[in-house]
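Read the structure below first, then the notes.
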Amino acid sequence: MKGRRVALTGLGCLTPIGNGVPAFTEGLRSGLSGVGRIALFDPAALDVTIAAEVKGFDPESALPAKELRHVARVVPLSIAAAGEALASAGIDTESLSLEERRRIAVVFGTGGGPVEFFEKMYGHWYRGDLKKASVYSIPTGTMGTLSSEISMRFGLKGRSHVITTGCTSSADAMGYAARLVAWGDEDLVLTGGGDAVITPGIMTGFSLMQILSTPVKAHLGPQAGPSTPGATDSFSARARGCSSSSLWKGRARAAPACSPRSAATARPAMPTTASASTNRAKSRRAR
């Protein structure tokens with residue numbers, strides 16, 4: 001890549017094997033499995049009842065309770081990861097001037113966006129419970145809302161773009177962000193990706209496509225054994241609600257090396273992975 005040298009100066013993540021960079025790094029090093037029985041809804045009617053979900057995350061740590069009713073699950077996940085990345089980079093957004101806020105862009109990737117929220121709203125419609133539907137169904141249901149929510153939450157005034165290219169959305173977003181910095185279009189870019197796509201509708205659709213594994217004896221890692229509910233169930237490699245952020249900066253300073261998979265250099269080349277996005281956890285067709 002030609003242009004300025006690019007550094008990755010901050011990291012943040014929420015993943016099935018650990019929330020926050022230290023926990024995620026330890027999960028990678030210890031070979032932790034994030035797979036378990038789906039807990040965010042009753043999966044009994046599904047052919048596949050296990051997946052890799054983010055655990056132990058309190059959405060109210062990212063957004064007030066009254067706002068959570070009107071946003072998709074991926075929003076607080078993404079905001080929390082973005083906040084960690086900014087803090088890791090040493091940026092206090094509350095102390096920034098207006099001009100400094102205008103110099104920070106957001107480029108975020110998502111494959112499914114607010115699909116979980118839309119399924120819920122359609123459920124109200126089909127059951128005739130329109131009074132339970134959110135008045136923000138349309139703005140919340142668009143892909144572009146995700147980067148906007150992040151920008152508004154931290155008061156960032158630079159460009160706010162969403163990249164949605166399926167399972168490569170996060171990688172494409174980071175590549176786009178790196179080029180913006182390298183070419184001098186932006187000085188700072190908050191980038192990464194997030195998804196929350198383990199829902200009844202999506203899981204049923206994947207089953208119909210026959211791209212989830214058939215029932216096998218699936219060991220769920222150190223935290224689960226044969227006696228664990230779902231331990232002998234089908235295996236799904238889709239990760240629920242995994243979200244991560246990183247901050248690209250147009251300066252030649254060394255980037256923090258958190259793990260072999262999340263390390264980056266001060267060169268403009270793309271990192272092996274700067275995030276642990278759900279977009280990377282693609283279901284595999286059974287052989």
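Every chain in the structure tokens takes a letter, A first, then B, and so on in the order presented; its residues are numbered from 1, and the ligands are numbered from 1 following the presented order.
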Would you list the contacts of stretch 147-159 of chain A as a VMD selection string, taking every protein, DNA or RNA residue within 6 Å and counting only C-alpha atoms, but skipping same-chain residues closer than 3 positions in sequence?
chain A and resid 79 101 to 105 108 162
With C-alpha atoms retained, export the selected residues as a short mmCIF file (atom, residue, chain, number, x, y, z; two decimals), in the first residue's frame.
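Saved file again-v3.cif follows:
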data_model
loop_
_atom_site.label_atom_id
_atom_site.label_comp_id
_atom_site.auth_asym_id
_atom_site.auth_seq_id
_atom_site.Cartn_x
_atom_site.Cartn_y
_atom_site.Cartn_z
CA ILE A 79 -20.26 0.75 21.39
CA ARG A 101 -13.81 15.43 16.79
CA ARG A 102 -14.07 16.27 13.10
CA ARG A 103 -10.75 14.51 12.50
CA ILE A 104 -11.96 11.11 13.76
CA ALA A 105 -13.93 8.98 11.30
CA PHE A 108 -17.59 -0.14 10.67
CA VAL A 162 -20.80 1.18 7.16
#
Do you know which residues are at most 6 Å from A:Thr49 counting only C-alpha atoms, after dropping those on the same chain fewer than 6 positions away, and could you put them as a list in words?
Arg37, Ile38 and Pro43 of chain A
Contacts of A:Val106 at 6 Å or less, counting only C-alpha atoms, minus same-chain residues fewer than 3 places along, as a list in words?
Ser160, Val189, Leu190 and Thr191 of chain A
What are the DSSP alpha helix (DSSP H) residues of stretch 71-214 of chain A, as number ranges by chain?
A: 74-88, 98-102, 115-126, 137-140, 145-154, 169-182, 200-209
In stretch 54-222 of chain A, DSSP strand (DSSP E) residues written as a ChimeraX atom specification
/A:104-109,160-163,188-194
Quick one: of A:Leu46, A:Gly27, A:Gly18, A:Val71, who's nearest to A:Ser207, counting only C-alpha atoms?
A:Leu46
I'd like the interatomic distance between atom CA of A:Ser78 and atom CA of A:Met143, to a tenth of an Å.
13.1 Å
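Across the structure, atom CA of A:Ala7 and atom CA of A:Ser97 are spaced 22.8 Å apart.
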Which residues come within 9 Å of A:Phe117, counting only C-alpha atoms, excluding same-chain residues fewer than 5 positions away, as an MDAnalysis selection string?
chainID A and resid 70:73 122 137 140:141
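Comparing the minimum interatomic distances between A:Leu8 and each of A:Leu68, A:Ala177, A:Ala45, A:Val75, counting only C-alpha atoms, we find that A:Ala177 sits nearest.
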Contacts of A:Ala133 at 9 Å (only C-alpha atoms; same-chain gap of 2+ positions) as a PyMOL selection string:
chain A and resi 120-122+124-125+129-131+135-137
